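Enquirer: The structure is given below, and queries will be raised subsequently.
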Amino acid sequence: FHSYKGSRYKGFFHIPRYLLDCIRVLKRLETRASSAASTEPLDSRRSSRFAVESLIVSPASPQCQTPRYSLHTAYRSLAGAAVDGAGTCECVTPVFSKIPEDADFLANNYNVAPFFGGAYVCYAYSYTGGALVDWATKFLGKGHEELCRGYAGATGLLVLPHFAGAATPYMDSGSKGAIVGATLATTPRDLYFACLEGVAYEMRLNRDRLARSGVRYDRLIATGGGAKSKVWCQIKADVLGVPLVSLATDDAGTVGCAMMAGVAAGVFADLSA
């Protein structure tokens, strides 16, 4: 970051050039590290693969452990999967093989973007994912770790997460958030959990709309800061009815951009490299 601030890379459009230069530097460092580590026992070397955290959450079941696998393996098996980007916004990106031709797909404001291997993706998202969680912690004056303890199932509250307008399928910037079902017995923890549930319900609405147009997914690959929360991952798995695997690297989107830029510039032969 400091090298970027004080260097020749000025302006937004120079960021790709900066990333490519960073990739070249990292490749040189990797070569040196590989040479230095060649005499070490195999078990002591750290894998350079982009690993997946050994956490899988299944609907209505406790967390279970599974062996790690690389991003390349995940990329090869993305058919029928969707990425759950749990950042400031909540964005689910399903992968599918055929462009939907029905009018509902466009009426619900879904786009189509090209993906690898002749596949396509679209974006189903809410403007308030992590942003709503952050608002809840500040509003309630408690941290995430304190609030997320003791989740025992649905709260009975309904939070409409349109605190910054509504994204897909409505695309209504004037829509407002709402909290429904509160009583004198409602606790700060109930309200916090209801915010997590509300974001998940918004994604379930999108999943149902996409399914009508033939876009379906049977598992989620989660990334972003929200993927660190086992409670939120479990809520999403339960509400969406699909298993969820959490990536070990939080900034997978940034890493993926750097990988694709490296392949395009000839720094890497392919995504596996």
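Chain labels follow the order of the structure tokens: the first chain is A, the next B, and so on; residue numbering restarts at 1 in every chain, and ligands are counted from 1 in their shown order.
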Contacts of region 135-144 of chain A at 10 Å or less, counting only C-alpha atoms, minus same-chain residues fewer than 2 places along, as an MDAnalysis selection string?
Expert: chainID A and resid 128 130:133 146:149 163 187:189 191:196 229
Enquirer: Go ahead and save the residues from that selection, with N, CA, C and O atoms, as an mmCIF file, in the first residue's frame.
Expert:
```
data_model
loop_
_atom_site.group_PDB
_atom_site.id
_atom_site.type_symbol
_atom_site.label_atom_id
_atom_site.label_comp_id
_atom_site.auth_asym_id
_atom_site.auth_seq_id
_atom_site.Cartn_x
_atom_site.Cartn_y
_atom_site.Cartn_z
ATOM 1 N N THR A 128 -27.297 -4.484 1.649
ATOM 2 C CA THR A 128 -26.905 -4.562 3.057
ATOM 3 C C THR A 128 -26.685 -6.017 3.456
ATOM 4 O O THR A 128 -27.644 -6.753 3.701
ATOM 5 N N GLY A 130 -22.949 -7.336 5.159
ATOM 6 C CA GLY A 130 -22.119 -6.956 6.291
ATOM 7 C C GLY A 130 -22.435 -5.559 6.796
ATOM 8 O O GLY A 130 -22.246 -5.259 7.983
ATOM 9 N N ALA A 131 -22.928 -4.695 5.902
ATOM 10 C CA ALA A 131 -23.266 -3.329 6.320
ATOM 11 C C ALA A 131 -24.385 -3.341 7.358
ATOM 12 O O ALA A 131 -24.374 -2.547 8.307
ATOM 13 N N LEU A 132 -25.359 -4.253 7.200
ATOM 14 C CA LEU A 132 -26.448 -4.339 8.163
ATOM 15 C C LEU A 132 -25.959 -4.912 9.492
ATOM 16 O O LEU A 132 -26.364 -4.454 10.565
ATOM 17 N N VAL A 133 -25.067 -5.902 9.416
ATOM 18 C CA VAL A 133 -24.492 -6.475 10.632
ATOM 19 C C VAL A 133 -23.688 -5.416 11.386
ATOM 20 O O VAL A 133 -23.759 -5.304 12.614
ATOM 21 N N GLU A 146 -19.754 -11.134 20.992
ATOM 22 C CA GLU A 146 -20.647 -11.166 22.150
ATOM 23 C C GLU A 146 -22.082 -11.482 21.743
ATOM 24 O O GLU A 146 -22.786 -12.256 22.406
ATOM 25 N N LEU A 147 -22.522 -10.884 20.636
ATOM 26 C CA LEU A 147 -23.914 -11.022 20.229
ATOM 27 C C LEU A 147 -24.220 -12.387 19.619
ATOM 28 O O LEU A 147 -25.350 -12.859 19.699
ATOM 29 N N CYS A 148 -23.235 -13.020 18.982
ATOM 30 C CA CYS A 148 -23.533 -14.233 18.226
ATOM 31 C C CYS A 148 -23.581 -15.489 19.089
ATOM 32 O O CYS A 148 -23.772 -16.591 18.577
ATOM 33 N N ARG A 149 -23.405 -15.348 20.377
ATOM 34 C CA ARG A 149 -23.460 -16.527 21.247
ATOM 35 C C ARG A 149 -24.907 -16.958 21.501
ATOM 36 O O ARG A 149 -25.808 -16.137 21.608
ATOM 37 N N PHE A 163 -32.072 -1.446 4.273
ATOM 38 C CA PHE A 163 -31.611 -0.264 5.003
ATOM 39 C C PHE A 163 -30.823 0.691 4.108
ATOM 40 O O PHE A 163 -30.496 1.792 4.517
ATOM 41 N N THR A 187 -34.859 -9.137 22.838
ATOM 42 C CA THR A 187 -33.548 -8.759 23.383
ATOM 43 C C THR A 187 -32.647 -8.224 22.279
ATOM 44 O O THR A 187 -32.916 -8.446 21.088
ATOM 45 N N PRO A 188 -31.567 -7.529 22.630
ATOM 46 C CA PRO A 188 -30.596 -7.087 21.607
ATOM 47 C C PRO A 188 -30.066 -8.251 20.778
ATOM 48 O O PRO A 188 -29.874 -8.122 19.569
ATOM 49 N N ARG A 189 -29.845 -9.401 21.424
ATOM 50 C CA ARG A 189 -29.351 -10.562 20.685
ATOM 51 C C ARG A 189 -30.389 -11.047 19.674
ATOM 52 O O ARG A 189 -30.038 -11.454 18.556
ATOM 53 N N LEU A 191 -32.532 -9.188 18.074
ATOM 54 C CA LEU A 191 -32.505 -8.249 16.960
ATOM 55 C C LEU A 191 -31.284 -8.499 16.069
ATOM 56 O O LEU A 191 -31.384 -8.457 14.835
ATOM 57 N N TYR A 192 -30.162 -8.790 16.688
ATOM 58 C CA TYR A 192 -28.934 -9.061 15.927
ATOM 59 C C TYR A 192 -29.120 -10.305 15.061
ATOM 60 O O TYR A 192 -28.830 -10.292 13.859
ATOM 61 N N PHE A 193 -29.611 -11.390 15.658
ATOM 62 C CA PHE A 193 -29.823 -12.617 14.904
ATOM 63 C C PHE A 193 -30.853 -12.415 13.801
ATOM 64 O O PHE A 193 -30.744 -12.990 12.712
ATOM 65 N N ALA A 194 -31.853 -11.593 14.063
ATOM 66 C CA ALA A 194 -32.881 -11.328 13.059
ATOM 67 C C ALA A 194 -32.299 -10.614 11.847
ATOM 68 O O ALA A 194 -32.760 -10.822 10.714
ATOM 69 N N CYS A 195 -31.299 -9.774 12.062
ATOM 70 C CA CYS A 195 -30.620 -9.116 10.934
ATOM 71 C C CYS A 195 -29.894 -10.150 10.079
ATOM 72 O O CYS A 195 -29.938 -10.098 8.842
ATOM 73 N N LEU A 196 -29.219 -11.113 10.734
ATOM 74 C CA LEU A 196 -28.550 -12.183 9.993
ATOM 75 C C LEU A 196 -29.576 -12.995 9.204
ATOM 76 O O LEU A 196 -29.353 -13.343 8.034
ATOM 77 N N SER A 229 -18.150 -16.148 10.186
ATOM 78 C CA SER A 229 -19.164 -16.403 11.202
ATOM 79 C C SER A 229 -19.818 -17.762 10.977
ATOM 80 O O SER A 229 -20.580 -17.952 10.026
#
```
Enquirer: Leaving out region 82-93 of chain A and any residue of its chain fewer than 4 positions from it, which residues lie within 7 Å of it when counting only C-alpha atoms, given as a VMD selection string?
Expert: chain A and resid 121 to 131 217 219 to 227
Enquirer: As a PyMOL selection string, please: all residues of region 49-214 of chain A that backbone DSSP puts in helix (DSSP H, G or I).
Expert: chain A and resi 71-76+103-107+116-118+130-140+144-147+188-212
Enquirer: So that I have them on file, write out the residues from the current selection with N, CA and C atoms, as a short mmCIF file (atom, residue, chain, number, x, y, z; two decimals), in the first residue's frame.
Expert:
```
data_model
loop_
_atom_site.label_atom_id
_atom_site.label_comp_id
_atom_site.auth_asym_id
_atom_site.auth_seq_id
_atom_site.Cartn_x
_atom_site.Cartn_y
_atom_site.Cartn_z
N LEU A 71 -8.17 -23.98 -4.84
CA LEU A 71 -9.10 -23.17 -5.62
C LEU A 71 -9.28 -23.76 -7.01
N HIS A 72 -8.19 -24.33 -7.56
CA HIS A 72 -8.29 -24.93 -8.90
C HIS A 72 -9.29 -26.08 -8.89
N THR A 73 -9.26 -26.90 -7.84
CA THR A 73 -10.23 -27.99 -7.72
C THR A 73 -11.64 -27.44 -7.61
N ALA A 74 -11.81 -26.39 -6.80
CA ALA A 74 -13.13 -25.78 -6.65
C ALA A 74 -13.61 -25.19 -7.97
N TYR A 75 -12.70 -24.56 -8.73
CA TYR A 75 -13.06 -23.95 -10.01
C TYR A 75 -13.55 -25.01 -10.99
N ARG A 76 -12.89 -26.19 -10.99
CA ARG A 76 -13.26 -27.25 -11.91
C ARG A 76 -14.62 -27.86 -11.57
N ALA A 103 -38.76 -14.14 -19.91
CA ALA A 103 -38.87 -12.71 -19.61
C ALA A 103 -38.70 -12.42 -18.13
N ASP A 104 -39.04 -13.36 -17.26
CA ASP A 104 -38.95 -13.13 -15.82
C ASP A 104 -37.52 -12.87 -15.37
N PHE A 105 -36.58 -13.52 -16.02
CA PHE A 105 -35.18 -13.35 -15.63
C PHE A 105 -34.77 -11.88 -15.75
N LEU A 106 -35.11 -11.26 -16.86
CA LEU A 106 -34.78 -9.84 -17.05
C LEU A 106 -35.69 -8.95 -16.22
N ALA A 107 -36.96 -9.34 -16.06
CA ALA A 107 -37.89 -8.54 -15.27
C ALA A 107 -37.45 -8.47 -13.81
N PHE A 116 -15.72 -18.90 -17.24
CA PHE A 116 -14.78 -19.80 -17.89
C PHE A 116 -15.50 -21.02 -18.47
N GLY A 117 -14.89 -21.60 -19.49
CA GLY A 117 -15.38 -22.86 -20.04
C GLY A 117 -16.75 -22.77 -20.68
N GLY A 118 -17.12 -21.59 -21.19
CA GLY A 118 -18.41 -21.44 -21.84
C GLY A 118 -19.59 -21.33 -20.90
N GLY A 130 -22.95 -7.34 5.16
CA GLY A 130 -22.12 -6.96 6.29
C GLY A 130 -22.44 -5.56 6.80
N ALA A 131 -22.93 -4.70 5.90
CA ALA A 131 -23.27 -3.33 6.32
C ALA A 131 -24.39 -3.34 7.36
N LEU A 132 -25.36 -4.25 7.20
CA LEU A 132 -26.45 -4.34 8.16
C LEU A 132 -25.96 -4.91 9.49
N VAL A 133 -25.07 -5.90 9.42
CA VAL A 133 -24.49 -6.47 10.63
C VAL A 133 -23.69 -5.42 11.39
N ASP A 134 -22.93 -4.62 10.63
CA ASP A 134 -22.15 -3.55 11.25
C ASP A 134 -23.06 -2.52 11.91
N TRP A 135 -24.17 -2.17 11.22
CA TRP A 135 -25.14 -1.24 11.81
C TRP A 135 -25.70 -1.81 13.11
N ALA A 136 -26.03 -3.09 13.11
CA ALA A 136 -26.63 -3.72 14.29
C ALA A 136 -25.67 -3.69 15.48
N THR A 137 -24.40 -3.98 15.25
CA THR A 137 -23.44 -3.97 16.36
C THR A 137 -23.26 -2.57 16.92
N LYS A 138 -23.24 -1.56 16.05
CA LYS A 138 -23.10 -0.18 16.52
C LYS A 138 -24.38 0.28 17.22
N PHE A 139 -25.52 -0.06 16.67
CA PHE A 139 -26.80 0.35 17.25
C PHE A 139 -27.01 -0.28 18.63
N LEU A 140 -26.61 -1.54 18.76
CA LEU A 140 -26.80 -2.26 20.01
C LEU A 140 -25.65 -2.06 20.98
N HIS A 144 -19.67 -8.35 17.63
CA HIS A 144 -20.19 -9.55 16.99
C HIS A 144 -19.98 -10.79 17.85
N GLU A 145 -18.78 -10.94 18.41
CA GLU A 145 -18.48 -12.14 19.19
C GLU A 145 -19.40 -12.26 20.40
N GLU A 146 -19.75 -11.13 20.99
CA GLU A 146 -20.65 -11.17 22.15
C GLU A 146 -22.08 -11.48 21.74
N LEU A 147 -22.52 -10.88 20.64
CA LEU A 147 -23.91 -11.02 20.23
C LEU A 147 -24.22 -12.39 19.62
N PRO A 188 -31.57 -7.53 22.63
CA PRO A 188 -30.60 -7.09 21.61
C PRO A 188 -30.07 -8.25 20.78
N ARG A 189 -29.85 -9.40 21.42
CA ARG A 189 -29.35 -10.56 20.68
C ARG A 189 -30.39 -11.05 19.67
N ASP A 190 -31.66 -10.99 20.04
CA ASP A 190 -32.72 -11.38 19.10
C ASP A 190 -32.68 -10.49 17.85
N LEU A 191 -32.53 -9.19 18.07
CA LEU A 191 -32.50 -8.25 16.96
C LEU A 191 -31.28 -8.50 16.07
N TYR A 192 -30.16 -8.79 16.69
CA TYR A 192 -28.93 -9.06 15.93
C TYR A 192 -29.12 -10.31 15.06
N PHE A 193 -29.61 -11.39 15.66
CA PHE A 193 -29.82 -12.62 14.90
C PHE A 193 -30.85 -12.42 13.80
N ALA A 194 -31.85 -11.59 14.06
CA ALA A 194 -32.88 -11.33 13.06
C ALA A 194 -32.30 -10.61 11.85
N CYS A 195 -31.30 -9.77 12.06
CA CYS A 195 -30.62 -9.12 10.93
C CYS A 195 -29.89 -10.15 10.08
N LEU A 196 -29.22 -11.11 10.73
CA LEU A 196 -28.55 -12.18 9.99
C LEU A 196 -29.58 -12.99 9.20
N GLU A 197 -30.70 -13.30 9.84
CA GLU A 197 -31.75 -14.06 9.17
C GLU A 197 -32.35 -13.27 8.01
N GLY A 198 -32.55 -11.96 8.20
CA GLY A 198 -33.16 -11.14 7.17
C GLY A 198 -32.36 -11.13 5.88
N VAL A 199 -31.04 -11.05 6.00
CA VAL A 199 -30.18 -11.09 4.81
C VAL A 199 -30.31 -12.44 4.13
N ALA A 200 -30.35 -13.51 4.92
CA ALA A 200 -30.48 -14.85 4.35
C ALA A 200 -31.83 -15.02 3.65
N TYR A 201 -32.90 -14.49 4.25
CA TYR A 201 -34.22 -14.58 3.62
C TYR A 201 -34.26 -13.82 2.29
N GLU A 202 -33.56 -12.70 2.24
CA GLU A 202 -33.49 -11.94 0.98
C GLU A 202 -32.83 -12.76 -0.11
N MET A 203 -31.78 -13.52 0.27
CA MET A 203 -31.12 -14.38 -0.70
C MET A 203 -31.99 -15.57 -1.07
N ARG A 204 -32.82 -16.04 -0.14
CA ARG A 204 -33.75 -17.13 -0.47
C ARG A 204 -34.79 -16.66 -1.48
N LEU A 205 -35.27 -15.43 -1.29
CA LEU A 205 -36.19 -14.85 -2.27
C LEU A 205 -35.55 -14.85 -3.66
N ASN A 206 -34.30 -14.42 -3.73
CA ASN A 206 -33.60 -14.39 -5.01
C ASN A 206 -33.40 -15.80 -5.57
N ARG A 207 -33.09 -16.74 -4.69
CA ARG A 207 -32.90 -18.11 -5.17
C ARG A 207 -34.17 -18.66 -5.79
N ASP A 208 -35.31 -18.39 -5.17
CA ASP A 208 -36.58 -18.87 -5.71
C ASP A 208 -36.90 -18.20 -7.05
N ARG A 209 -36.60 -16.92 -7.16
CA ARG A 209 -36.86 -16.21 -8.43
C ARG A 209 -35.96 -16.77 -9.54
N LEU A 210 -34.69 -17.03 -9.21
CA LEU A 210 -33.76 -17.57 -10.21
C LEU A 210 -34.19 -18.97 -10.64
N ALA A 211 -34.67 -19.77 -9.69
CA ALA A 211 -35.08 -21.14 -10.01
C ALA A 211 -36.22 -21.16 -11.02
N ARG A 212 -37.09 -20.17 -10.96
CA ARG A 212 -38.20 -20.10 -11.92
C ARG A 212 -37.67 -19.93 -13.35
#
```
Enquirer: Could you give me the residues within region 115-208 of chain A that DSSP places in strand (DSSP E), as JSON, numbers by chain?
Expert: {"A": [120, 121, 124, 125, 126, 158, 159, 160, 178, 179, 180]}
Enquirer: Give me the residues near region 169-186 of chain A as a list in words, where near means some atom within 7 Å (using only C-alpha atoms) and where sequence neighbours in that chain fewer than 3 positions away do not count.
Expert: Asn108, Asn109, Gly156, Leu157, Leu158, Val159, Leu160, Pro161, His162, Phe163, Gly165, Ala166, Asp190 and Asn206 of chain A
Enquirer: Please produce a file of those selected residues containing N, CA and C atoms, as a PDB file, in the first residue's frame.
Expert:
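Dumped everything to out-v5.pdb:
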```
ATOM      1  N   ASN A 108     -36.753  -9.506 -13.342  1.00  0.00           N
ATOM      2  CA  ASN A 108     -36.250  -9.519 -11.972  1.00  0.00           C
ATOM      3  C   ASN A 108     -34.867  -8.887 -11.847  1.00  0.00           C
ATOM      4  N   ASN A 109     -34.418  -8.251 -12.932  1.00  0.00           N
ATOM      5  CA  ASN A 109     -33.196  -7.435 -12.924  1.00  0.00           C
ATOM      6  C   ASN A 109     -31.914  -8.238 -12.742  1.00  0.00           C
ATOM      7  N   GLY A 156     -38.246 -15.347  15.428  1.00  0.00           N
ATOM      8  CA  GLY A 156     -39.636 -14.890  15.432  1.00  0.00           C
ATOM      9  C   GLY A 156     -39.773 -13.456  14.957  1.00  0.00           C
ATOM     10  N   LEU A 157     -38.648 -12.785  14.756  1.00  0.00           N
ATOM     11  CA  LEU A 157     -38.649 -11.437  14.189  1.00  0.00           C
ATOM     12  C   LEU A 157     -38.440 -11.531  12.680  1.00  0.00           C
ATOM     13  N   LEU A 158     -38.874 -10.523  11.962  1.00  0.00           N
ATOM     14  CA  LEU A 158     -38.598 -10.436  10.531  1.00  0.00           C
ATOM     15  C   LEU A 158     -37.966  -9.084  10.249  1.00  0.00           C
ATOM     16  N   VAL A 159     -36.761  -9.105   9.725  1.00  0.00           N
ATOM     17  CA  VAL A 159     -36.066  -7.877   9.341  1.00  0.00           C
ATOM     18  C   VAL A 159     -36.040  -7.798   7.822  1.00  0.00           C
ATOM     19  N   LEU A 160     -36.622  -6.748   7.278  1.00  0.00           N
ATOM     20  CA  LEU A 160     -36.502  -6.471   5.849  1.00  0.00           C
ATOM     21  C   LEU A 160     -35.206  -5.685   5.678  1.00  0.00           C
ATOM     22  N   PRO A 161     -34.186  -6.269   5.041  1.00  0.00           N
ATOM     23  CA  PRO A 161     -32.849  -5.666   5.071  1.00  0.00           C
ATOM     24  C   PRO A 161     -32.632  -4.554   4.044  1.00  0.00           C
ATOM     25  N   HIS A 162     -33.651  -3.757   3.792  1.00  0.00           N
ATOM     26  CA  HIS A 162     -33.528  -2.692   2.793  1.00  0.00           C
ATOM     27  C   HIS A 162     -33.091  -1.379   3.460  1.00  0.00           C
ATOM     28  N   PHE A 163     -32.072  -1.446   4.273  1.00  0.00           N
ATOM     29  CA  PHE A 163     -31.611  -0.264   5.003  1.00  0.00           C
ATOM     30  C   PHE A 163     -30.823   0.691   4.108  1.00  0.00           C
ATOM     31  N   GLY A 165     -31.843   0.705   0.586  1.00  0.00           N
ATOM     32  CA  GLY A 165     -32.565   0.430  -0.640  1.00  0.00           C
ATOM     33  C   GLY A 165     -32.552  -1.061  -0.939  1.00  0.00           C
ATOM     34  N   ALA A 166     -33.265  -1.451  -1.992  1.00  0.00           N
ATOM     35  CA  ALA A 166     -33.381  -2.855  -2.372  1.00  0.00           C
ATOM     36  C   ALA A 166     -32.647  -3.097  -3.684  1.00  0.00           C
ATOM     37  N   ASP A 190     -31.659 -10.994  20.035  1.00  0.00           N
ATOM     38  CA  ASP A 190     -32.722 -11.376  19.095  1.00  0.00           C
ATOM     39  C   ASP A 190     -32.679 -10.491  17.853  1.00  0.00           C
ATOM     40  N   ASN A 206     -34.298 -14.417  -3.726  1.00  0.00           N
ATOM     41  CA  ASN A 206     -33.598 -14.389  -5.009  1.00  0.00           C
ATOM     42  C   ASN A 206     -33.399 -15.797  -5.567  1.00  0.00           C
TER      43      ASN A 206
END
```
Enquirer: Do you have the CA of Pro100 (chain A)-CA of Ala79 (chain A) distance handy?
Expert: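 Spanning CA of Pro100 (chain A) to CA of Ala79 (chain A) is a straight-line distance of 15.7 Å.
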Enquirer: Could you work out how far CA of Ala119 (chain A) lies from CA of Phe96 (chain A), giving the answer in Å with one decimal?
Expert: 5.8 Å
Enquirer: Please indicate the distance in Å from CA of Gly253 (chain A) to CA of Val267 (chain A), rounded to one decimal place.
Expert: 18.8 Å
Enquirer: Hey, which of A:Ala264, A:Ala273, A:Asp102, A:Trp232 ends up closest to Leu244 (chain A)? Count only C-alpha atoms.
Expert: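 Distance minimum relative to Leu244 (chain A) lands on A:Trp232.
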